[in-house]
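Asker: Below is the file work_28.txt, with compact mmCIF, C-alpha atoms.
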# COMPACT_ATOMS: atom_id res chain seq x y z
CA MET A 820 0.96 -3.07 38.11
CA LYS A 821 0.08 -3.97 34.51
CA TYR A 822 2.37 -3.40 31.52
CA ILE A 823 1.51 -2.61 27.90
CA VAL A 824 3.51 -2.02 24.72
CA VAL A 825 1.71 -0.27 21.85
CA LEU A 826 3.99 -0.85 18.87
CA GLY A 827 3.36 1.16 15.70
CA ASP A 828 5.43 -0.76 13.16
CA GLY A 829 7.45 1.64 10.99
CA MET A 830 5.65 4.64 12.54
CA ALA A 831 8.77 6.86 12.73
CA ASP A 832 9.67 8.91 9.69
CA GLU A 833 11.56 11.95 8.41
CA PRO A 834 10.46 15.61 8.05
CA VAL A 835 8.24 16.03 4.99
CA ASN A 836 8.22 19.30 3.02
CA SER A 837 4.51 19.08 2.19
CA LEU A 838 3.79 18.86 5.94
CA GLY A 839 5.72 22.04 6.65
CA GLY A 840 8.80 20.12 7.72
CA MET A 841 6.89 17.93 10.17
CA THR A 842 7.01 14.14 10.29
CA PRO A 843 3.79 12.11 9.88
CA LEU A 844 3.84 11.38 13.64
CA GLU A 845 4.26 15.07 14.42
CA TYR A 846 1.55 16.12 11.94
CA ALA A 847 -1.05 13.49 12.86
CA LYS A 848 -3.87 14.36 15.25
CA THR A 849 -3.06 12.25 18.32
CA PRO A 850 -5.03 13.52 21.36
CA ALA A 851 -4.48 10.32 23.37
CA MET A 852 -0.69 10.52 22.93
CA ASP A 853 -0.81 14.24 23.65
CA SER A 854 -2.68 13.64 26.90
CA ILE A 855 0.05 11.45 28.41
CA ALA A 856 3.19 12.74 26.69
CA PRO A 857 3.90 15.60 29.15
CA LYS A 858 3.63 13.09 32.02
CA SER A 859 5.87 10.53 30.32
CA GLU A 860 9.52 9.79 29.77
CA ILE A 861 10.20 10.75 26.15
CA GLY A 862 13.38 9.82 24.32
CA LEU A 863 15.13 8.08 21.44
CA ALA A 864 16.02 4.39 21.34
CA HIS A 865 18.43 2.53 19.06
CA THR A 866 16.65 -0.72 18.21
CA ILE A 867 18.98 -1.86 15.41
CA PRO A 868 22.49 -2.90 16.51
CA ASP A 869 25.37 -1.60 14.40
CA GLY A 870 25.99 -3.87 11.42
CA MET A 871 22.53 -5.48 11.47
CA LYS A 872 19.81 -4.83 8.91
CA PRO A 873 16.83 -2.71 10.00
CA GLY A 874 14.13 -5.36 9.91
CA SER A 875 10.96 -5.79 11.94
CA ASP A 876 12.49 -9.05 13.14
CA THR A 877 15.60 -7.60 14.79
CA ALA A 878 13.78 -4.45 15.94
CA ASN A 879 10.82 -6.21 17.58
CA LEU A 880 13.16 -8.63 19.32
CA ALA A 881 14.91 -5.57 20.76
CA VAL A 882 11.68 -3.90 21.88
CA LEU A 883 10.65 -7.15 23.58
CA GLY A 884 13.91 -7.11 25.51
CA TYR A 885 15.95 -9.64 23.51
CA ASP A 886 19.37 -8.52 22.29
CA PRO A 887 19.26 -9.20 18.51
CA GLU A 888 23.00 -9.85 18.41
CA LYS A 889 22.47 -12.73 20.83
CA TYR A 890 19.10 -14.14 19.80
CA TYR A 891 18.58 -13.44 16.10
CA THR A 892 18.95 -16.39 13.68
CA GLY A 893 16.85 -15.08 10.78
CA ARG A 894 13.34 -13.81 10.13
CA SER A 895 11.68 -16.80 8.52
CA PRO A 896 12.42 -19.29 11.33
CA LEU A 897 10.36 -17.06 13.63
CA GLU A 898 7.49 -17.11 11.15
CA ALA A 899 7.80 -20.89 10.92
CA LEU A 900 7.10 -21.06 14.64
CA SER A 901 3.87 -19.13 14.12
CA ILE A 902 2.69 -21.32 11.24
CA GLY A 903 3.54 -24.44 13.24
CA VAL A 904 6.16 -25.77 10.85
CA PRO A 905 8.70 -27.95 12.69
CA LEU A 906 12.34 -27.14 11.89
CA LYS A 907 15.26 -29.55 11.97
CA ASP A 908 18.72 -28.23 12.81
CA THR A 909 19.64 -28.71 9.15
CA ASP A 910 16.59 -26.85 7.78
CA ILE A 911 16.72 -23.35 6.38
CA ALA A 912 13.53 -21.30 6.55
CA ILE A 913 13.00 -18.67 3.86
CA ARG A 914 10.30 -15.99 3.60
CA CYS A 915 8.33 -16.44 0.38
CA ASN A 916 6.46 -13.24 -0.52
CA ILE A 917 3.89 -13.16 -3.30
CA VAL A 918 4.81 -9.97 -5.16
CA THR A 919 3.75 -8.03 -8.23
CA LEU A 920 6.20 -7.89 -11.12
CA SER A 921 5.59 -5.95 -14.34
CA ASP A 922 3.27 -7.84 -16.68
CA ASP A 923 5.23 -7.50 -19.92
CA SER A 924 7.06 -9.58 -22.51
CA LEU A 925 10.51 -8.86 -21.09
CA PRO A 926 12.64 -11.73 -19.74
CA TYR A 927 12.11 -12.41 -16.04
CA LYS A 928 15.34 -10.73 -14.90
CA GLU A 929 14.39 -7.56 -16.80
CA LYS A 930 11.02 -7.17 -15.13
CA THR A 931 10.35 -4.45 -12.54
CA ILE A 932 8.99 -5.08 -9.04
CA ILE A 933 5.81 -3.04 -8.63
CA ASP A 934 4.40 -4.08 -5.25
CA HIS A 935 5.85 -6.22 -2.44
CA SER A 936 2.35 -7.03 -1.09
CA SER A 937 0.28 -7.52 -4.29
CA SER A 938 -2.30 -4.89 -3.29
CA GLU A 939 -2.25 -6.29 0.27
CA ILE A 940 -3.62 -9.58 -1.03
CA SER A 941 -6.02 -11.42 1.24
CA THR A 942 -4.94 -14.66 2.86
CA GLU A 943 -7.78 -16.42 1.07
CA ASP A 944 -6.60 -15.34 -2.39
CA ALA A 945 -2.98 -15.99 -1.51
CA ALA A 946 -3.80 -19.54 -0.38
CA VAL A 947 -5.28 -20.32 -3.80
CA LEU A 948 -2.13 -19.08 -5.53
CA MET A 949 0.20 -20.82 -3.09
CA GLU A 950 -1.64 -24.08 -3.75
CA ALA A 951 -0.67 -23.71 -7.43
CA VAL A 952 2.93 -23.02 -6.42
CA GLN A 953 2.97 -26.03 -4.08
CA LYS A 954 1.63 -28.31 -6.81
CA GLU A 955 4.43 -27.36 -9.20
CA LEU A 956 7.39 -26.60 -6.94
CA ASN A 957 7.10 -28.76 -3.81
CA SER A 958 9.80 -31.44 -3.63
CA ASP A 959 11.73 -33.51 -1.10
CA ILE A 960 14.14 -30.58 -0.75
CA TYR A 961 11.84 -27.53 -0.97
CA LYS A 962 8.44 -27.31 0.69
CA PHE A 963 6.07 -24.32 0.55
CA TYR A 964 3.68 -23.31 3.34
CA VAL A 965 0.80 -20.82 3.41
CA GLY A 966 1.16 -17.94 5.86
CA THR A 967 -0.81 -14.67 6.04
CA SER A 968 -1.63 -12.21 3.24
CA TYR A 969 1.46 -11.92 1.01
CA ARG A 970 3.81 -13.49 3.60
CA HIS A 971 4.52 -17.21 3.12
CA LEU A 972 7.24 -19.72 3.87
CA THR A 973 9.64 -22.11 2.17
CA ILE A 974 11.65 -24.77 4.03
CA TRP A 975 14.90 -25.86 2.37
CA ASP A 976 16.14 -29.23 3.61
CA ASN A 977 19.93 -29.19 4.25
CA GLY A 978 20.04 -25.71 2.79
CA GLU A 979 22.30 -22.71 3.27
CA VAL A 980 21.68 -19.25 4.71
CA ALA A 981 21.84 -17.46 1.37
CA GLU A 982 22.15 -13.69 1.08
CA LEU A 983 18.70 -12.57 -0.14
CA ILE A 984 17.31 -9.08 -0.75
CA PRO A 985 13.90 -8.05 0.74
CA PRO A 986 11.46 -7.07 -2.03
CA HIS A 987 10.42 -3.86 -0.24
CA ASP A 988 14.03 -2.66 -0.52
CA VAL A 989 13.96 -2.67 -4.34
CA LEU A 990 10.48 -1.42 -5.22
CA GLY A 991 10.32 0.18 -8.64
CA ARG A 992 13.60 -1.36 -9.79
CA VAL A 993 14.52 -3.93 -12.44
CA ILE A 994 15.03 -7.15 -10.49
CA GLY A 995 17.98 -8.80 -12.27
CA GLU A 996 20.78 -7.67 -9.94
CA TYR A 997 18.70 -8.47 -6.84
CA LEU A 998 17.86 -12.08 -7.65
CA PRO A 999 19.47 -14.88 -5.56
CA ASP A 1000 22.91 -16.15 -6.53
CA ASN A 1001 21.63 -19.68 -5.90
CA GLN A 1002 20.54 -21.02 -9.29
CA LYS A 1003 17.73 -23.24 -7.98
CA LEU A 1004 16.12 -20.39 -6.02
CA ARG A 1005 16.28 -18.19 -9.12
CA GLU A 1006 14.74 -20.94 -11.24
CA MET A 1007 11.83 -21.39 -8.82
CA MET A 1008 11.14 -17.65 -8.75
CA GLU A 1009 11.11 -17.53 -12.55
CA LYS A 1010 8.93 -20.65 -12.78
CA SER A 1011 6.48 -19.11 -10.30
CA TYR A 1012 5.83 -16.25 -12.73
CA ASP A 1013 4.84 -18.78 -15.39
CA ILE A 1014 2.52 -20.45 -12.87
CA LEU A 1015 0.93 -17.32 -11.43
CA ASN A 1016 0.77 -14.54 -14.01
CA SER A 1017 -1.94 -16.21 -16.08
CA HIS A 1018 -3.69 -17.90 -13.15
CA PRO A 1019 -7.49 -17.32 -13.34
CA LEU A 1020 -7.46 -15.64 -9.94
CA ASN A 1021 -4.91 -13.10 -11.14
CA THR A 1022 -6.93 -12.48 -14.27
CA GLU A 1023 -9.89 -11.62 -12.04
CA ARG A 1024 -7.72 -9.45 -9.76
CA ALA A 1025 -6.50 -7.44 -12.76
CA LYS A 1026 -10.12 -6.87 -13.90
CA LYS A 1027 -10.86 -5.44 -10.44
CA GLY A 1028 -7.92 -3.05 -10.68
CA LEU A 1029 -5.82 -5.03 -8.21
CA ASN A 1030 -2.17 -5.85 -8.75
CA LYS A 1031 -1.51 -9.36 -9.95
CA ALA A 1032 0.24 -11.57 -7.37
CA ASN A 1033 2.40 -13.03 -10.10
CA SER A 1034 5.72 -14.13 -8.59
CA ILE A 1035 7.22 -15.49 -5.42
CA TRP A 1036 10.21 -13.69 -3.90
CA PHE A 1037 12.64 -15.35 -1.50
CA TRP A 1038 14.30 -13.49 1.38
CA GLY A 1039 14.95 -13.59 5.15
CA ALA A 1040 16.68 -16.99 5.34
CA GLY A 1041 17.67 -18.38 8.74
CA THR A 1042 18.04 -21.34 11.07
CA ARG A 1043 15.95 -22.62 13.98
CA PRO A 1044 15.86 -20.01 16.78
CA ALA A 1045 16.51 -20.54 20.48
CA LEU A 1046 14.74 -17.86 22.52
CA ASP A 1047 14.52 -17.62 26.32
CA LEU A 1048 11.01 -17.72 27.77
CA PHE A 1049 9.67 -14.23 28.46
CA GLU A 1050 8.21 -15.17 31.85
CA GLY A 1051 11.47 -16.77 32.91
CA LYS A 1052 13.47 -13.77 31.72
CA TYR A 1053 11.27 -11.02 33.15
CA GLY A 1054 8.96 -12.68 35.66
CA LYS A 1055 5.81 -11.53 33.85
CA LYS A 1056 3.05 -13.53 32.21
CA GLY A 1057 2.82 -12.09 28.69
CA ALA A 1058 0.50 -12.09 25.69
CA MET A 1059 0.95 -10.98 22.08
CA ILE A 1060 -1.66 -9.37 19.83
CA SER A 1061 -0.61 -9.18 16.19
CA ALA A 1062 -1.83 -10.13 12.73
CA VAL A 1063 1.70 -10.83 11.52
CA ASP A 1064 3.31 -14.29 11.58
CA LEU A 1065 6.69 -12.80 12.54
CA LEU A 1066 5.36 -11.42 15.83
CA LYS A 1067 3.26 -14.50 16.49
CA GLY A 1068 6.38 -16.58 15.95
CA ILE A 1069 8.39 -14.48 18.40
CA ALA A 1070 5.59 -14.96 20.92
CA GLU A 1071 5.57 -18.70 20.29
CA GLY A 1072 9.32 -18.89 20.75
CA THR A 1073 9.27 -16.87 23.97
CA GLY A 1074 6.33 -18.69 25.53
CA MET A 1075 3.92 -15.76 25.31
CA TYR A 1076 0.25 -16.42 24.58
CA ASN A 1077 -0.95 -15.42 21.10
CA ILE A 1078 -4.34 -13.69 21.21
CA ASN A 1079 -6.06 -13.94 17.83
CA VAL A 1080 -8.45 -11.05 17.14
CA PRO A 1081 -11.11 -11.56 14.44
CA GLY A 1082 -10.62 -9.10 11.59
CA ALA A 1083 -7.01 -8.31 12.51
CA ASP A 1084 -5.11 -8.44 9.22
CA GLY A 1085 -2.23 -5.96 9.43
CA THR A 1086 -3.80 -3.47 7.01
CA LEU A 1087 -5.31 -0.02 7.43
CA GLU A 1088 -8.70 -1.75 7.71
CA THR A 1089 -7.62 -4.01 10.57
CA ASN A 1090 -9.77 -4.45 13.68
CA TRP A 1091 -8.14 -1.68 15.70
CA GLU A 1092 -10.78 -1.61 18.44
CA GLY A 1093 -10.77 -5.39 18.72
CA LYS A 1094 -7.06 -5.38 19.45
CA ALA A 1095 -7.45 -2.75 22.16
CA GLN A 1096 -10.37 -4.56 23.78
CA ALA A 1097 -8.51 -7.89 23.69
CA ALA A 1098 -5.52 -6.29 25.39
CA VAL A 1099 -7.62 -4.85 28.21
CA LYS A 1100 -9.43 -8.15 28.70
CA ALA A 1101 -6.14 -10.02 28.89
CA LEU A 1102 -4.86 -7.65 31.57
CA LEU A 1103 -7.97 -7.12 33.66
CA GLU A 1104 -9.87 -10.41 33.29
CA ASP A 1105 -7.40 -13.08 32.20
CA ASN A 1106 -4.64 -12.29 34.68
CA TYR A 1107 -1.86 -11.41 32.24
CA ASP A 1108 0.79 -9.01 33.50
CA PHE A 1109 2.02 -7.81 30.12
CA VAL A 1110 0.53 -7.34 26.64
CA TYR A 1111 2.36 -6.44 23.43
CA ILE A 1112 0.03 -4.91 20.81
CA HIS A 1113 1.61 -4.83 17.37
CA MET A 1114 0.07 -2.61 14.67
CA GLU A 1115 1.44 -3.29 11.18
CA ALA A 1116 -0.42 -0.61 9.22
CA PRO A 1117 2.00 2.36 9.56
CA ASP A 1118 4.78 0.19 8.13
CA GLU A 1119 2.66 -0.99 5.21
CA MET A 1120 1.69 2.59 4.37
CA GLY A 1121 5.35 3.59 4.50
CA HIS A 1122 6.23 0.81 2.06
CA GLN A 1123 3.44 2.00 -0.22
CA GLY A 1124 4.85 5.54 -0.08
CA SER A 1125 1.41 6.81 0.95
CA LEU A 1126 1.83 9.82 3.22
CA GLU A 1127 -1.90 10.35 3.68
CA ARG A 1128 -2.55 6.74 4.63
CA LYS A 1129 0.43 6.60 6.98
CA ILE A 1130 -0.90 9.63 8.85
CA LYS A 1131 -4.31 7.94 9.01
CA ALA A 1132 -2.73 4.75 10.40
CA ILE A 1133 -1.04 6.75 13.18
CA GLU A 1134 -4.31 8.54 13.97
CA TYR A 1135 -6.17 5.21 14.10
CA LEU A 1136 -3.54 3.79 16.45
CA ASP A 1137 -4.09 6.80 18.71
CA SER A 1138 -7.88 7.07 18.63
CA ARG A 1139 -8.89 3.43 18.23
CA VAL A 1140 -6.22 1.63 20.27
CA LEU A 1141 -4.33 3.84 22.72
CA ASP A 1142 -7.33 5.97 23.69
CA THR A 1143 -9.40 2.85 24.43
CA ILE A 1144 -6.63 1.33 26.52
CA LEU A 1145 -6.01 4.48 28.56
CA LYS A 1146 -9.70 5.03 29.32
CA LYS A 1147 -10.40 1.44 30.29
CA MET A 1148 -7.26 1.09 32.39
CA ASP A 1149 -7.98 4.38 34.18
CA ALA A 1150 -11.56 3.29 34.86
CA SER A 1151 -10.37 -0.01 36.29
CA GLY A 1152 -8.31 1.62 39.03
CA GLU A 1153 -5.39 -0.69 38.19
CA ASP A 1154 -1.90 0.86 38.15
CA TYR A 1155 -0.26 0.47 34.76
CA ARG A 1156 2.63 1.47 32.55
CA VAL A 1157 2.50 1.94 28.76
CA LEU A 1158 5.40 2.02 26.32
CA VAL A 1159 4.48 3.56 22.94
CA MET A 1160 7.03 3.33 20.13
CA PRO A 1161 7.84 2.08 16.63
CA ASP A 1162 10.26 -0.74 15.99
CA HIS A 1163 12.09 1.16 13.22
CA PRO A 1164 11.36 4.03 10.82
CA THR A 1165 9.77 3.34 7.43
CA PRO A 1166 9.99 6.74 5.71
CA VAL A 1167 7.49 7.32 2.92
CA SER A 1168 10.26 9.00 0.91
CA CYS A 1169 12.30 5.79 0.52
CA ARG A 1170 9.54 3.18 1.15
CA THR A 1171 11.79 0.90 3.20
CA HIS A 1172 13.24 0.54 6.70
CA THR A 1173 16.08 2.64 8.09
CA SER A 1174 18.30 2.18 11.14
CA ASP A 1175 17.69 5.62 12.68
CA PRO A 1176 16.78 5.72 16.39
CA VAL A 1177 13.05 5.79 17.11
CA PRO A 1178 11.05 7.93 19.54
CA TYR A 1179 9.66 6.19 22.61
CA MET A 1180 7.17 7.29 25.27
CA LEU A 1181 7.04 5.54 28.65
CA TYR A 1182 3.99 6.47 30.73
CA ASP A 1183 3.36 5.45 34.33
CA SER A 1184 -0.16 6.03 35.69
CA THR A 1185 1.23 6.49 39.21
CA VAL A 1186 3.67 9.29 38.30
CA ASN A 1187 2.60 12.94 38.10
CA LYS A 1188 4.98 15.26 36.27
CA ASN A 1189 5.00 17.74 33.39
CA THR A 1190 7.91 17.68 30.98
CA GLY A 1191 6.23 19.93 28.41
CA LEU A 1192 7.16 17.49 25.65
CA LEU A 1193 4.97 15.85 23.04
CA TYR A 1194 5.50 12.46 21.46
CA ASN A 1195 7.29 12.82 18.13
CA GLU A 1196 10.78 12.51 16.67
CA LYS A 1197 11.76 16.14 17.30
CA ASP A 1198 10.68 16.32 20.95
CA ALA A 1199 12.27 12.92 21.56
CA ALA A 1200 15.58 14.28 20.28
CA LYS A 1201 15.09 17.47 22.31
CA SER A 1202 14.62 15.45 25.52
CA GLY A 1203 18.26 14.38 25.66
CA ASN A 1204 17.20 10.84 26.64
CA VAL A 1205 18.97 8.31 24.43
CA VAL A 1206 18.77 4.55 24.94
CA GLU A 1207 21.79 3.16 23.12
CA HIS A 1208 20.62 -0.46 23.39
CA GLY A 1209 16.91 -0.70 22.62
CA TYR A 1210 16.58 -4.11 24.26
CA THR A 1211 17.15 -2.47 27.67
CA LEU A 1212 13.87 -0.53 27.39
CA MET A 1213 11.87 -3.58 28.44
CA GLY A 1214 13.74 -3.57 31.74
CA ARG A 1215 12.75 0.06 32.24
CA LEU A 1216 9.10 -0.71 31.49
CA LEU A 1217 8.99 -3.68 33.88
CA GLN A 1218 11.26 -2.31 36.63
Turn this file's structure into C-alpha cells for me.

Answerer:
Amino acid sequence: MKYIVVLGDGMADEPVNSLGGMTPLEYAKTPAMDSIAPKSEIGLAHTIPDGMKPGSDTANLAVLGYDPEKYYTGRSPLEALSIGVPLKDTDIAIRCNIVTLSDDSLPYKEKTIIDHSSSEISTEDAAVLMEAVQKELNSDIYKFYVGTSYRHLTIWDNGEVAELIPPHDVLGRVIGEYLPDNQKLREMMEKSYDILNSHPLNTERAKKGLNKANSIWFWGAGTRPALDLFEGKYGKKGAMISAVDLLKGIAEGTGMYNINVPGADGTLETNWEGKAQAAVKALLEDNYDFVYIHMEAPDEMGHQGSLERKIKAIEYLDSRVLDTILKKMDASGEDYRVLVMPDHPTPVSCRTHTSDPVPYMLYDSTVNKNTGLLYNEKDAAKSGNVVEHGYTLMGRLLQ
C-alpha cells in the first residue's frame, strides 16, 4: 500500500454570493475529485487547536500527524531548517517578508501595507534586495538569510519570542499599530524602507507595473524545534514535495526526504505536472511509502483576494496533480490511499487564514462504496464525520 497527501494550502473558503452561494471549491470544475469522492470518506477536520493561531505552520504539522500543541515552537525555526541555518538554543528565528508599503511621503508608521508578497517577487529579485539589507543591517546580534520568493529569515542572537503580526493579516491597513513593540525591530523595518524603496531594482519593477518590494516585515518568531522522525513515528518512509521553506523545514525536522521539482515556486504558474510526476516516481520507482504534495497557490490567491485565480488554482490542483496521480497509480496496479485536504481556509473575502474546520477526502483504491457525496465544504458538513483533532487523520490514512 502506498500513501499520498495532496494538500491545497488555504483551499477551503466561505460561500460567495457571486458564485450563487457556492464556495470556490464547490464551484470549481474538479472531475478528478468528483470521480473518487463518492467512494471516499468525506468529512470535516479541525486542524487548528483552540487558542492557537491559524497558520500554515500549525495546520501542516497537524495534517502530517504532529499535535501542534506538543510540537510547535514557532514558524521561522522550521524555515531555518530548510535554509540550512543552524540554531543555538538561545537563538530566535524570525520570518522576514519583503512586502510592499505605500510609496508616499508619509512617515513610516503612517504608511499602508499593499501586498505581503511584493507581486509574488521572484527569488532572484528578492536575493538582490536582501543583499542590500544584509549589507546595511547584518550585525553580531541580527543576521539576515535569503529564503524563497518574498519569504526570508532573520536570526536574533539571545533574542526573545516577541509578539509579531503577520503582514497578510493587515493588508490594506495603516501599519503603525501593527509594528513590533521591540524598538530595534521597528528601527530595522523603518531603515529597510530607506534601503529598498529607491533601490534600482525596485525602480525597474515599478516601471514594469510590479509592486515595489520596499520594506522588510518581521513575524513568526520562535525557538529551535524538536520534532520526532516521521518514519519512527509512523513506520513509513516519507518524502515531501513543496516550493515553500516552511514545509521543507518540517520535512527536514521529521527526517523526510525533500524532493525539489524544477519550476516549483508556490505560485499559480508553478510546475504542477512536475510535482505529480515526482510524487509517482518516488512511490513507484524510489521505494517511498508516503508522499506529501503541498500546493501553495490556493492560499496565495486567497491572500490576494482573487476569486477567479483561486478557482483556477483549485482546478489546476485537480487536473494537473490529482488526475495525474490517480491515473498513474491505477495503471501501476499498486494499492494506494489518498488524502485530499487544505491545511486551513483562506477566504478571499478576508484575505487571511481562519480557524474553521476544513473538508477532507480519504480515498482507498481497494474499497468500493458509494456515499453520494462530493468533495466540498457543504458535503463535508453534511457527512456528519468530524475529526476533532486534525493530527489524528494521519493515523487514519496510514492505518

Asker: Would you be able to write out as a ChimeraX atom specification which residues have an atom within 12 Å of (-14.6, 0.6, 27.1) in the file's coordinates, counting all atoms listed in the file?

Answerer: /A:1092-1093,1095-1100,1139-1151

Asker: Out of A:Leu844, A:Ala1032, A:Val904, A:Met1075, which residue has the shortest atom-to-atom distance to Phe1109 of chain A when counting all atoms listed in the file?

Answerer: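 Nearest candidate to Phe1109 of chain A out of A:Leu844, A:Ala1032, A:Val904, A:Met1075: A:Met1075.
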
Asker: Closest to Ala847 of chain A among A:His1018, A:Lys1129, A:Lys962, A:His987, using all atoms listed in the file?

Answerer: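 Smallest separation from Ala847 of chain A among the options: A:Lys1129.
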
Asker: Taking all atoms listed in the file into account, name the residue in A:Leu1212, A:Ile861, A:Met1007, A:Leu826 that is nearest to Lys1197 of chain A.

Answerer: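 Smallest distance to Lys1197 of chain A is found for A:Ile861.
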
Asker: Can you tell me, as AutoDock Vina command-line options, the centre and edge lengths (Å, one decimal) of the axis-aligned box enclosing all of segment 1104-1121 of chain A's listed atoms after padding each side by 8 Å?

Answerer:
--center_x -2.3 --center_y -4.7 --center_z 19.5 --size_x 31.2 --size_y 32.7 --size_z 46.3

Asker: So the first atom is atom CA of Glu955 of chain A and the second is atom CA of Gly1028 of chain A; what is the distance between them in Å, to one decimal place?

Answerer: 27.3 Å
